[in-house]
$ cat model_8.cif   # mmCIF, C-alpha atoms and all ligand atoms
data_work
#
loop_
_atom_site.label_atom_id
_atom_site.label_comp_id
_atom_site.auth_asym_id
_atom_site.auth_seq_id
_atom_site.Cartn_x
_atom_site.Cartn_y
_atom_site.Cartn_z
CA MET A 24 147.29 -13.85 -8.92
CA SER A 25 150.57 -13.21 -10.73
CA ASP A 26 151.91 -16.81 -10.43
CA LYS A 27 148.58 -18.10 -11.61
CA THR A 28 148.45 -15.74 -14.56
CA HIS A 29 151.91 -16.90 -15.51
CA GLN A 30 150.84 -20.54 -15.21
CA GLN A 31 147.73 -19.87 -17.26
CA LYS A 32 149.76 -18.12 -19.92
CA SER A 33 152.26 -20.94 -20.19
CA ARG A 34 149.45 -23.49 -20.30
CA ARG A 35 147.83 -21.53 -23.10
CA GLU A 36 151.11 -21.44 -24.97
CA PHE A 37 151.43 -25.17 -24.39
CA ILE A 38 148.06 -25.97 -25.90
CA SER A 39 148.64 -23.87 -28.94
CA THR A 40 151.96 -25.64 -29.58
CA SER A 41 150.51 -29.04 -28.69
CA LEU A 42 147.46 -28.52 -30.87
CA LYS A 43 149.65 -27.74 -33.81
CA ALA A 44 151.79 -30.79 -33.03
CA GLY A 45 148.70 -33.00 -32.55
CA ILE A 46 147.14 -31.91 -35.81
CA ALA A 47 150.42 -32.40 -37.67
CA LEU A 48 150.87 -35.86 -36.15
CA SER A 49 147.36 -36.96 -36.97
CA ALA A 50 147.72 -35.67 -40.51
CA MET A 51 150.90 -37.72 -40.92
CA GLY A 52 149.27 -40.77 -39.36
CA SER A 53 151.39 -40.84 -36.22
CA PRO A 54 153.05 -44.20 -35.59
CA LEU A 55 152.23 -43.70 -31.88
CA LEU A 56 148.54 -43.45 -32.65
CA ALA A 57 148.68 -46.41 -35.02
CA GLN A 58 150.25 -48.60 -32.31
CA GLY A 59 147.58 -47.51 -29.83
CA THR A 60 150.19 -46.41 -27.27
CA ALA A 61 148.88 -42.84 -27.10
CA THR A 62 145.63 -41.27 -28.19
CA GLN A 63 145.35 -37.88 -29.82
CA THR A 64 144.04 -36.55 -26.50
CA ASP A 65 147.20 -37.74 -24.75
CA LEU A 66 149.17 -35.69 -27.21
CA LEU A 67 147.05 -32.58 -26.59
CA PHE A 68 146.80 -32.72 -22.81
CA PRO A 69 149.46 -33.27 -20.15
CA GLU A 70 149.42 -36.64 -18.40
CA LYS A 71 150.01 -35.04 -14.99
CA PRO A 72 148.24 -31.68 -14.86
CA HIS A 73 148.92 -29.05 -12.22
CA PRO A 74 146.43 -29.88 -9.40
CA LEU A 75 143.53 -27.42 -9.22
CA ASN A 76 140.74 -26.60 -6.77
CA ILE A 77 137.48 -26.69 -8.72
CA LEU A 78 134.02 -25.65 -7.55
CA ILE A 79 131.03 -27.21 -9.28
CA LEU A 80 127.70 -25.40 -8.99
CA GLY A 81 125.61 -28.58 -9.05
CA GLY A 82 127.43 -31.88 -9.36
CA THR A 83 125.05 -34.62 -8.26
CA SER A 84 122.81 -35.41 -11.25
CA PHE A 85 124.06 -36.41 -14.72
CA LEU A 86 127.03 -34.35 -15.92
CA GLY A 87 128.42 -33.46 -12.48
CA PRO A 88 129.30 -36.96 -11.23
CA GLN A 89 131.31 -37.62 -14.41
CA GLN A 90 133.19 -34.31 -14.06
CA ILE A 91 134.01 -35.15 -10.44
CA ALA A 92 135.20 -38.70 -11.21
CA TYR A 93 137.52 -37.48 -13.95
CA ALA A 94 138.79 -34.43 -12.08
CA LEU A 95 139.72 -36.55 -9.03
CA GLN A 96 141.47 -39.04 -11.29
CA ARG A 97 143.49 -36.11 -12.72
CA GLY A 98 144.56 -35.09 -9.21
CA HIS A 99 142.23 -32.09 -8.69
CA SER A 100 140.17 -31.22 -5.59
CA ILE A 101 136.44 -30.67 -5.88
CA SER A 102 133.84 -28.70 -3.95
CA ILE A 103 130.19 -28.95 -4.99
CA PHE A 104 127.33 -26.56 -4.24
CA THR A 105 123.75 -27.90 -4.20
CA ARG A 106 120.56 -27.76 -2.14
CA GLY A 107 121.31 -31.30 -0.94
CA LYS A 108 118.19 -32.74 -2.58
CA THR A 109 119.45 -34.70 -5.59
CA GLN A 110 121.21 -38.00 -4.86
CA PRO A 111 123.72 -39.26 -7.46
CA THR A 112 122.88 -42.52 -9.25
CA VAL A 113 126.29 -42.89 -10.92
CA GLN A 114 129.87 -42.59 -9.65
CA LYS A 115 128.44 -42.69 -6.11
CA GLU A 116 131.78 -43.66 -4.56
CA VAL A 117 133.49 -40.40 -5.56
CA PHE A 118 131.29 -38.21 -3.37
CA LYS A 119 133.10 -39.11 -0.16
CA LYS A 120 136.17 -37.35 -1.59
CA VAL A 121 134.29 -34.13 -2.33
CA GLU A 122 133.56 -31.05 -0.19
CA HIS A 123 129.80 -30.53 -0.16
CA LEU A 124 128.59 -26.93 0.26
CA VAL A 125 124.86 -26.46 0.77
CA GLY A 126 122.77 -23.48 -0.33
CA ASP A 127 120.28 -22.44 -2.98
CA ARG A 128 121.01 -20.50 -6.15
CA GLU A 129 117.68 -18.77 -5.77
CA ASN A 130 118.39 -17.11 -2.44
CA ASN A 131 121.34 -18.49 -0.44
CA LEU A 132 124.95 -18.25 -1.66
CA GLU A 133 126.45 -17.83 1.84
CA ALA A 134 128.59 -20.99 1.57
CA LEU A 135 130.44 -19.52 -1.46
CA LYS A 136 131.44 -16.25 0.20
CA GLY A 137 135.10 -15.59 1.04
CA ARG A 138 136.34 -18.80 -0.59
CA LYS A 139 138.93 -19.14 -3.38
CA TRP A 140 139.00 -21.66 -6.25
CA ASP A 141 141.01 -21.98 -9.45
CA ALA A 142 137.87 -22.54 -11.48
CA VAL A 143 134.11 -22.81 -11.18
CA ILE A 144 131.84 -24.96 -13.37
CA ASP A 145 128.26 -23.67 -13.54
CA ASN A 146 126.12 -26.74 -14.34
CA SER A 147 123.00 -25.71 -12.47
CA GLY A 148 122.56 -22.34 -14.22
CA ARG A 149 118.90 -22.47 -15.12
CA ARG A 150 118.15 -18.76 -14.66
CA VAL A 151 120.07 -15.78 -16.02
CA LYS A 152 119.97 -14.08 -12.61
CA TRP A 153 121.53 -17.16 -10.96
CA THR A 154 124.56 -17.03 -13.26
CA LYS A 155 124.82 -13.27 -12.91
CA ALA A 156 124.80 -13.57 -9.10
CA THR A 157 127.41 -16.35 -8.83
CA ALA A 158 129.68 -14.86 -11.49
CA GLU A 159 129.59 -11.48 -9.71
CA LEU A 160 130.17 -13.08 -6.31
CA LEU A 161 133.10 -15.26 -7.45
CA LYS A 162 134.88 -13.06 -9.99
CA ASP A 163 137.61 -11.78 -7.62
CA ASN A 164 138.24 -15.12 -5.90
CA VAL A 165 138.10 -17.60 -8.76
CA GLY A 166 140.33 -17.85 -11.84
CA LEU A 167 138.01 -19.24 -14.53
CA TYR A 168 134.24 -19.52 -15.04
CA LEU A 169 133.04 -22.46 -17.14
CA TYR A 170 129.38 -22.06 -18.03
CA THR A 171 127.55 -25.22 -19.14
CA SER A 172 125.36 -23.87 -21.88
CA SER A 173 123.58 -25.84 -24.64
CA THR A 174 123.24 -26.03 -28.41
CA GLY A 175 119.69 -24.91 -27.54
CA VAL A 176 121.11 -21.37 -27.92
CA TYR A 177 120.88 -21.92 -31.69
CA TYR A 178 117.13 -22.53 -31.64
CA PRO A 179 115.37 -22.41 -34.17
CA TYR A 180 118.46 -23.97 -35.79
CA LEU A 181 118.14 -22.22 -39.13
CA GLY A 182 120.54 -23.28 -41.84
CA ARG A 183 123.26 -25.86 -42.27
CA ASP A 184 126.25 -23.81 -41.12
CA ILE A 185 125.69 -23.44 -37.40
CA ASP A 186 128.95 -22.90 -35.55
CA GLU A 187 130.15 -20.97 -32.50
CA SER A 188 130.07 -17.68 -34.41
CA THR A 189 126.36 -17.96 -35.30
CA LYS A 190 124.38 -14.98 -34.02
CA LEU A 191 122.18 -15.95 -31.07
CA VAL A 192 118.57 -15.01 -30.31
CA LEU A 193 118.54 -12.99 -27.06
CA GLU A 194 114.82 -12.31 -26.73
CA VAL A 195 111.80 -14.58 -27.07
CA PRO A 196 109.82 -13.33 -30.10
CA ASP A 197 106.07 -12.58 -29.89
CA GLY A 198 103.29 -14.51 -31.62
CA ILE A 199 104.78 -18.01 -31.38
CA SER A 200 103.31 -21.40 -30.42
CA GLU A 201 103.62 -22.90 -26.91
CA ILE A 202 106.19 -25.45 -28.14
CA GLN A 203 108.27 -22.74 -29.79
CA LYS A 204 108.05 -20.63 -26.63
CA TYR A 205 109.37 -23.51 -24.52
CA GLU A 206 112.34 -23.98 -26.86
CA TYR A 207 113.05 -20.25 -27.14
CA ASP A 208 112.84 -19.77 -23.35
CA TYR A 209 115.62 -22.31 -22.78
CA GLY A 210 117.89 -21.07 -25.58
CA VAL A 211 117.43 -17.40 -24.70
CA MET A 212 118.10 -18.14 -21.01
CA LYS A 213 121.31 -20.01 -21.88
CA ALA A 214 122.49 -17.31 -24.32
CA ASN A 215 121.94 -14.50 -21.80
CA SER A 216 123.57 -16.54 -19.03
CA GLU A 217 126.67 -16.95 -21.21
CA ILE A 218 126.78 -13.17 -21.54
CA GLU A 219 126.49 -12.66 -17.75
CA ALA A 220 129.38 -15.05 -17.10
CA GLN A 221 131.52 -13.26 -19.70
CA LYS A 222 130.57 -9.82 -18.36
CA ALA A 223 131.75 -10.66 -14.85
CA PHE A 224 134.85 -12.75 -15.67
CA GLY A 225 135.82 -11.21 -19.03
CA GLN A 226 136.28 -13.17 -22.27
CA ASP A 227 139.78 -14.24 -21.25
CA ARG A 228 138.59 -16.00 -18.07
CA THR A 229 135.38 -17.58 -19.37
CA ILE A 230 134.82 -20.95 -21.02
CA ILE A 231 131.44 -21.60 -22.60
CA VAL A 232 130.62 -25.20 -23.53
CA ARG A 233 127.44 -25.87 -25.53
CA PRO A 234 126.55 -29.58 -25.39
CA THR A 235 123.97 -31.14 -27.69
CA TYR A 236 121.73 -33.97 -26.34
CA MET A 237 123.90 -35.80 -23.86
CA LEU A 238 123.57 -39.56 -23.55
CA GLY A 239 125.03 -41.81 -20.90
CA PRO A 240 124.48 -43.52 -17.57
CA GLY A 241 122.54 -41.35 -15.11
CA ASP A 242 120.36 -39.72 -17.81
CA LYS A 243 117.18 -38.85 -15.95
CA THR A 244 115.38 -37.31 -18.90
CA ASN A 245 113.90 -40.73 -19.81
CA ARG A 246 114.39 -39.81 -23.48
CA PHE A 247 117.31 -41.73 -24.85
CA PRO A 248 117.25 -44.87 -22.60
CA TYR A 249 114.24 -45.90 -24.72
CA TRP A 250 116.59 -47.04 -27.48
CA PRO A 251 118.81 -49.51 -25.61
CA ILE A 252 115.83 -51.03 -23.78
CA ARG A 253 113.71 -51.24 -26.94
CA LEU A 254 116.53 -52.65 -29.07
CA ASN A 255 117.28 -55.30 -26.48
CA GLU A 256 113.61 -56.29 -26.39
CA GLY A 257 113.53 -56.75 -30.18
CA GLY A 258 110.56 -57.38 -32.51
CA ARG A 259 109.22 -54.83 -35.02
CA ILE A 260 110.98 -51.57 -34.32
CA MET A 261 110.22 -48.20 -35.86
CA ILE A 262 113.02 -46.02 -37.22
CA PRO A 263 111.39 -42.59 -37.34
CA GLY A 264 112.02 -40.16 -40.19
CA LYS A 265 113.53 -40.18 -43.66
CA PRO A 266 116.59 -42.39 -44.24
CA GLY A 267 118.80 -39.32 -44.70
CA ASP A 268 117.73 -37.57 -41.47
CA GLN A 269 120.84 -36.61 -39.51
CA ILE A 270 121.27 -37.02 -35.77
CA GLN A 271 123.74 -35.61 -33.23
CA TYR A 272 124.48 -36.53 -29.62
CA ALA A 273 127.37 -36.48 -27.13
CA ASP A 274 128.35 -39.04 -24.50
CA VAL A 275 128.09 -37.23 -21.15
CA ARG A 276 131.50 -38.57 -20.12
CA ASP A 277 133.17 -37.11 -23.20
CA VAL A 278 131.69 -33.70 -22.39
CA ALA A 279 132.56 -33.91 -18.69
CA GLN A 280 136.17 -34.96 -19.29
CA TRP A 281 136.74 -32.39 -21.99
CA MET A 282 135.47 -29.63 -19.69
CA ILE A 283 138.04 -30.57 -17.06
CA ARG A 284 140.82 -30.62 -19.67
CA LEU A 285 139.78 -27.21 -21.03
CA ILE A 286 140.07 -25.86 -17.47
CA GLU A 287 143.49 -27.46 -16.97
CA LEU A 288 144.77 -25.55 -19.99
CA SER A 289 142.81 -22.34 -19.36
CA GLN A 290 141.46 -22.84 -22.86
CA THR A 291 138.93 -20.00 -22.83
CA GLY A 292 136.35 -19.36 -25.55
CA THR A 293 133.08 -20.85 -26.75
CA PHE A 294 132.85 -24.46 -27.89
CA ASN A 295 130.09 -26.76 -29.16
CA ALA A 296 130.22 -30.20 -27.54
CA VAL A 297 128.68 -32.24 -30.33
CA GLY A 298 129.16 -35.77 -31.61
CA PRO A 299 129.51 -38.15 -33.25
CA ALA A 300 132.89 -37.57 -34.88
CA SER A 301 131.45 -37.64 -38.40
CA PRO A 302 127.91 -37.10 -39.72
CA MET A 303 125.47 -39.91 -38.91
CA THR A 304 121.94 -40.64 -40.12
CA MET A 305 119.20 -42.06 -37.92
CA PRO A 306 119.15 -45.54 -39.58
CA VAL A 307 122.92 -45.83 -39.11
CA PHE A 308 122.51 -44.79 -35.47
CA VAL A 309 119.80 -47.41 -34.80
CA HIS A 310 121.67 -50.23 -36.55
CA GLY A 311 124.88 -49.24 -34.75
CA ALA A 312 123.10 -49.19 -31.40
CA HIS A 313 121.54 -52.59 -32.06
CA ALA A 314 124.99 -54.11 -32.55
CA VAL A 315 125.23 -54.26 -28.73
CA PHE A 316 122.33 -56.74 -28.46
CA ASN A 317 121.50 -60.11 -29.97
CA SER A 318 117.73 -59.69 -30.16
CA ALA A 319 115.76 -60.60 -33.30
CA VAL A 320 114.49 -57.40 -34.90
CA GLU A 321 112.60 -56.18 -37.93
CA PHE A 322 113.28 -52.50 -38.57
CA VAL A 323 110.53 -50.47 -40.21
CA GLN A 324 111.50 -47.01 -41.44
CA ILE A 325 108.50 -44.68 -41.12
CA ARG A 326 109.44 -41.82 -43.38
CA ASP A 327 106.06 -40.09 -43.39
CA TYR A 328 106.39 -37.05 -41.10
CA LYS A 329 102.62 -36.46 -41.12
CA LEU A 330 101.89 -39.98 -39.95
CA LEU A 331 104.52 -39.68 -37.22
CA ALA A 332 103.10 -36.34 -36.09
CA LYS A 333 99.56 -37.82 -36.01
CA HIS A 334 100.85 -40.29 -33.40
CA GLY A 335 102.65 -37.61 -31.42
CA ILE A 336 106.10 -38.66 -32.62
CA LEU A 337 107.89 -35.36 -33.24
CA ASP A 338 111.13 -36.62 -31.76
CA GLN A 339 112.73 -39.75 -30.43
CA VAL A 340 116.08 -38.48 -29.18
CA PRO A 341 118.53 -38.31 -30.83
CA TRP A 342 116.12 -38.01 -33.82
CA ILE A 343 114.23 -34.71 -34.03
CA MET A 344 111.77 -34.17 -36.88
CA PRO A 345 113.06 -31.43 -39.21
CA THR A 346 110.39 -28.83 -39.92
CA ASP A 347 110.59 -26.26 -42.74
CA ASP A 348 114.02 -24.64 -42.44
CA ASN A 349 114.56 -25.90 -38.88
CA PHE A 350 116.97 -28.82 -39.15
CA GLY A 351 116.25 -30.01 -35.63
CA SER A 352 119.58 -29.25 -33.98
CA ALA A 353 121.36 -32.03 -35.87
CA LEU A 354 123.65 -29.99 -38.13
CA ILE A 355 125.82 -28.17 -35.62
CA SER A 356 129.54 -27.92 -36.26
CA ASN A 357 131.94 -29.83 -33.99
CA LYS A 358 135.02 -28.70 -35.89
CA LYS A 359 136.26 -26.27 -33.24
CA GLY A 360 135.57 -28.78 -30.46
CA ILE A 361 137.59 -31.49 -32.18
CA GLN A 362 140.46 -29.07 -32.84
CA ASN A 363 140.44 -28.26 -29.13
CA GLY A 364 140.49 -31.82 -27.83
CA LEU A 365 136.88 -33.10 -27.79
CA THR A 366 136.94 -36.90 -28.15
CA PHE A 367 134.20 -39.48 -28.70
CA THR A 368 133.25 -42.71 -26.95
CA PRO A 369 132.17 -45.36 -29.48
CA LEU A 370 128.36 -45.53 -29.88
CA ALA A 371 128.21 -49.19 -28.80
CA GLU A 372 129.92 -48.35 -25.50
CA THR A 373 127.48 -45.51 -24.76
CA VAL A 374 124.48 -47.71 -25.58
CA ARG A 375 125.75 -50.62 -23.49
CA ASP A 376 126.47 -48.41 -20.49
CA VAL A 377 123.07 -46.69 -20.63
CA PHE A 378 121.41 -50.11 -20.88
CA GLU A 379 123.29 -51.42 -17.85
CA TRP A 380 122.49 -48.31 -15.80
CA ARG A 381 118.82 -48.37 -16.81
CA VAL A 382 118.30 -52.03 -15.82
CA SER A 383 120.25 -51.61 -12.56
CA ASP A 384 118.67 -50.52 -9.29
CA ALA A 385 120.72 -47.29 -9.23
CA GLU A 386 117.64 -45.05 -9.22
CA PRO A 387 115.10 -44.81 -6.41
CA GLU A 388 111.92 -46.88 -6.94
CA GLU A 389 109.77 -43.85 -7.70
CA ALA A 390 112.06 -42.67 -10.51
CA THR A 391 112.17 -46.19 -11.97
CA LYS A 392 108.36 -46.27 -11.99
CA ARG A 393 108.28 -42.94 -13.83
CA TRP A 394 110.72 -44.32 -16.39
CA GLU A 395 108.63 -47.49 -16.90
CA LYS A 396 105.53 -45.38 -17.51
CA THR A 397 107.36 -43.26 -20.09
CA TYR A 398 108.75 -46.36 -21.79
CA GLN A 399 105.28 -47.88 -22.12
CA MET A 400 103.96 -44.59 -23.48
CA TYR A 401 106.72 -44.52 -26.16
CA LYS A 402 106.06 -48.18 -27.03
CA THR A 403 102.31 -47.67 -27.41
CA ARG A 404 102.94 -44.67 -29.67
CA GLU A 405 105.36 -46.72 -31.73
CA ALA A 406 102.95 -49.70 -32.03
CA LYS A 407 100.14 -47.43 -33.24
CA ALA A 408 102.39 -45.73 -35.80
CA LEU A 409 103.62 -49.13 -37.06
CA GLU A 410 100.03 -50.38 -37.39
CA ASP A 411 98.97 -47.25 -39.27
CA TRP A 412 102.01 -47.46 -41.57
CA ALA A 413 101.40 -51.18 -42.29
CA ALA A 414 97.70 -50.52 -43.07
CA ARG A 415 98.68 -47.87 -45.61
CA HIS A 416 101.28 -50.10 -47.26
CA ARG A 417 99.24 -53.31 -47.54
CA ASP A 418 98.59 -54.21 -51.17
N1 LIG B 1 120.95 -33.32 -20.51
C1 LIG B 1 121.24 -32.83 -21.69
O1 LIG B 1 121.09 -33.48 -22.72
C2 LIG B 1 121.82 -31.43 -21.79
C3 LIG B 1 122.15 -30.93 -23.05
C4 LIG B 1 122.74 -29.66 -23.15
C5 LIG B 1 122.97 -28.92 -21.99
N2 LIG B 1 122.59 -29.43 -20.78
C6 LIG B 1 122.89 -28.62 -19.60
O2 LIG B 1 123.79 -29.37 -18.80
C7 LIG B 1 123.72 -28.91 -17.46
C8 LIG B 1 123.96 -30.10 -16.65
O3 LIG B 1 122.92 -30.53 -15.84
P1 LIG B 1 123.05 -31.76 -14.85
O4 LIG B 1 121.74 -31.81 -14.19
O5 LIG B 1 123.52 -32.95 -15.53
O6 LIG B 1 124.18 -31.19 -13.83
P2 LIG B 1 124.67 -31.74 -12.42
O7 LIG B 1 125.72 -30.80 -11.96
O8 LIG B 1 125.01 -33.19 -12.46
O9 LIG B 1 123.37 -31.62 -11.49
C9 LIG B 1 122.59 -30.45 -11.37
C10 LIG B 1 122.66 -30.00 -9.95
O10 LIG B 1 122.02 -28.77 -9.70
C11 LIG B 1 121.62 -28.76 -8.32
N3 LIG B 1 120.61 -27.71 -8.18
C12 LIG B 1 119.38 -27.66 -8.77
N4 LIG B 1 118.72 -26.54 -8.38
C13 LIG B 1 119.56 -25.89 -7.52
C14 LIG B 1 119.45 -24.68 -6.77
N5 LIG B 1 118.34 -23.93 -6.82
N6 LIG B 1 120.49 -24.30 -6.00
C15 LIG B 1 121.61 -25.07 -5.92
N7 LIG B 1 121.76 -26.22 -6.61
C16 LIG B 1 120.76 -26.62 -7.40
C17 LIG B 1 121.14 -30.20 -8.09
O11 LIG B 1 121.24 -30.63 -6.75
P3 LIG B 1 120.06 -30.33 -5.69
O12 LIG B 1 118.78 -30.78 -6.34
O13 LIG B 1 120.44 -31.17 -4.51
O14 LIG B 1 120.09 -28.88 -5.41
C18 LIG B 1 122.15 -30.98 -8.93
O15 LIG B 1 123.28 -31.30 -8.19
C19 LIG B 1 122.47 -28.08 -17.35
O16 LIG B 1 122.85 -26.72 -17.30
C20 LIG B 1 121.72 -28.34 -18.68
O17 LIG B 1 121.00 -27.21 -19.13
C21 LIG B 1 122.05 -30.65 -20.66
#

$ encode --input "model_8.cif" --output "structure tokens"
Amino acid sequence: MSDKTHQQKSRREFISTSLKAGIALSAMGSPLLAQGTATQTDLLFPEKPHPLNILILGGTSFLGPQQIAYALQRGHSISIFTRGKTQPTVQKEVFKKVEHLVGDRENNLEALKGRKWDAVIDNSGRRVKWTKATAELLKDNVGLYLYTSSTGVYYPYLGRDIDESTKLVLEVPDGISEIQKYEYDYGVMKANSEIEAQKAFGQDRTIIVRPTYMLGPGDKTNRFPYWPIRLNEGGRIMIPGKPGDQIQYADVRDVAQWMIRLIELSQTGTFNAVGPASPMTMPVFVHGAHAVFNSAVEFVQIRDYKLLAKHGILDQVPWIMPTDDNFGSALISNKKGIQNGLTFTPLAETVRDVFEWRVSDAEPEEATKRWEKTYQMYKTREAKALEDWAARHRD
């Protein structure tokens, strides 16, 4: 691996020089940037990267297809490892250019044995033992391990200064509610998985990326697509929470592309993948998202947390109700990410693309039916909360 180590070292040197140059240029208001001939990312990352062989554990759901599309465009080769169950609903055309390895992270890693890659991206790490097993298996044959973690590692999100150095919870505490347990389980699993990846590959060969709520085409969570569909429909629309409530989100394509660029430069370390570029409140988010549509709307801000909770509205992603000293995952620092090349798609573009994907026939009929049911459930909840709010504010 001596050539590779040399390459990695020179790439690392490159980024540190380029970062300094990029920051200096942006501080001076680079004429290049002003003319729109090069973005800050172009200044940070080489136009023609050294071609790499990348293995993605996963690859066919939400984040994976965007990583593949971008990596192929950058001249890299991709292998994916899945059970062969999930069919992509975005970037479908790229899959014919990808090597598909079949197995199961639970009990069958045969297809990964004896193979070499420059880097592996672990998207499907949903159990600590899965990440431990693949990191152990691949450590001598693969250069870098990128673990797709989550800002969920910061649960219960105490304080306003959450950054990559914040101490993580590594065990689920006793005596907590079912909801808290669910949140802790996910965060603790991600935090311990990060540790397993680092143990096997070492800090200098591991990249940890912690995305916040990701939005974009292909989002099967049925959470965020509510907003574009609802805003297009128009009428009386609830904005949940207090006017100053902050929100955070990241366009899935921004996260996917940044991950590939971090790999190209062997930029190891731990990074939050959080947007938008500057702090945003929920009303600003909703008004910004509505700019994509020409529907007639009347926005009603329901600032009463108790009323919202009575109607089961504890979140409406990207809004999460703050409780006590838990600021609902919306105050996480993106400073390090930005310094290391994270960029942001404009909100209107994200909203438009999610809308177009959601109204297309990209998903199988059954999944579309599930989405429609969820949408109606959200709308009923919203209508009841609006009615209750209006009744309390009638003179
Ligand atoms: N969505 C968000 O807002 C968000 C926020 C923060 C972090 N994250 C993290 O982002 C990651 C990205 O998830 P994604 O679903 O978008 O990734 P993806 O790489 O697009 O898809 C996940 C893949 O995992 C495969 N898979 C599932 N179980 C498997 C198993 N037992 N063995 C082998 N393959 C298996 C699925 O294919 P088969 O079903 O065919 O096996 C699918 O290809 C996750 O780790 C998630 O925790 C998500």

$ residues_around --input "model_8.cif" --residues "range 263-271 of chain A" --least-positions-apart "5" --cutoff "8 Å" --atoms "all atoms listed in the file" --output "number ranges by chain"
A: 235-236, 297-299, 302-306, 308, 324-328, 331, 339, 341-344, 352-354

$ residues_near_ligand --input "model_8.cif" --ligand "ligand LIG 1 (chain B)" --cutoff "7 Å" --atoms "all atoms listed in the file" --output "ChimeraX atom specification"
/A:79-88,104-110,126-129,146-149,171-174,233-238,242

$ atom_distance --input "model_8.cif" --atom1 "CA of Tyr177 in chain A" --atom2 "CA of Gln290 in chain A"
22.4 Å

$ atom_distance --input "model_8.cif" --atom1 "CA of Pro196 in chain A" --atom2 "CA of His334 in chain A"
28.6 Å

$ residues_around --input "model_8.cif" --residues "range 394-408 of chain A" --least-positions-apart "5" --cutoff "8 Å" --atoms "only C-alpha atoms" --output "compact mmCIF listing (two decimals) with C-alpha atoms, in the frame of the given file"
# COMPACT_ATOMS: atom_id res chain seq x y z
CA ASN A 245 113.90 -40.73 -19.81
CA TYR A 249 114.24 -45.90 -24.72
CA ILE A 260 110.98 -51.57 -34.32
CA MET A 261 110.22 -48.20 -35.86
CA LEU A 330 101.89 -39.98 -39.95
CA LEU A 331 104.52 -39.68 -37.22
CA HIS A 334 100.85 -40.29 -33.40
CA GLY A 335 102.65 -37.61 -31.42
CA ILE A 336 106.10 -38.66 -32.62

$ closest_residue --input "model_8.cif" --among "A:Asp197, A:Glu70, A:Asp274, A:Glu159" --to "Thr366 in chain A" --atoms "only C-alpha atoms"
A:Asp274

$ closest_residue --input "model_8.cif" --among "A:Phe224, A:Phe378, A:Phe322, A:Tyr93" --to "Val117 in chain A" --atoms "only C-alpha atoms"
A:Tyr93

$ atom_distance --input "model_8.cif" --atom1 "CA of Lys136 in chain A" --atom2 "CA of Asn164 in chain A"
9.2 Å

$ residues_near_point --input "model_8.cif" --point "(136.0, -11.1, -6.6)" --cutoff "10 Å" --atoms "only C-alpha atoms" --output "count of residues only"
15
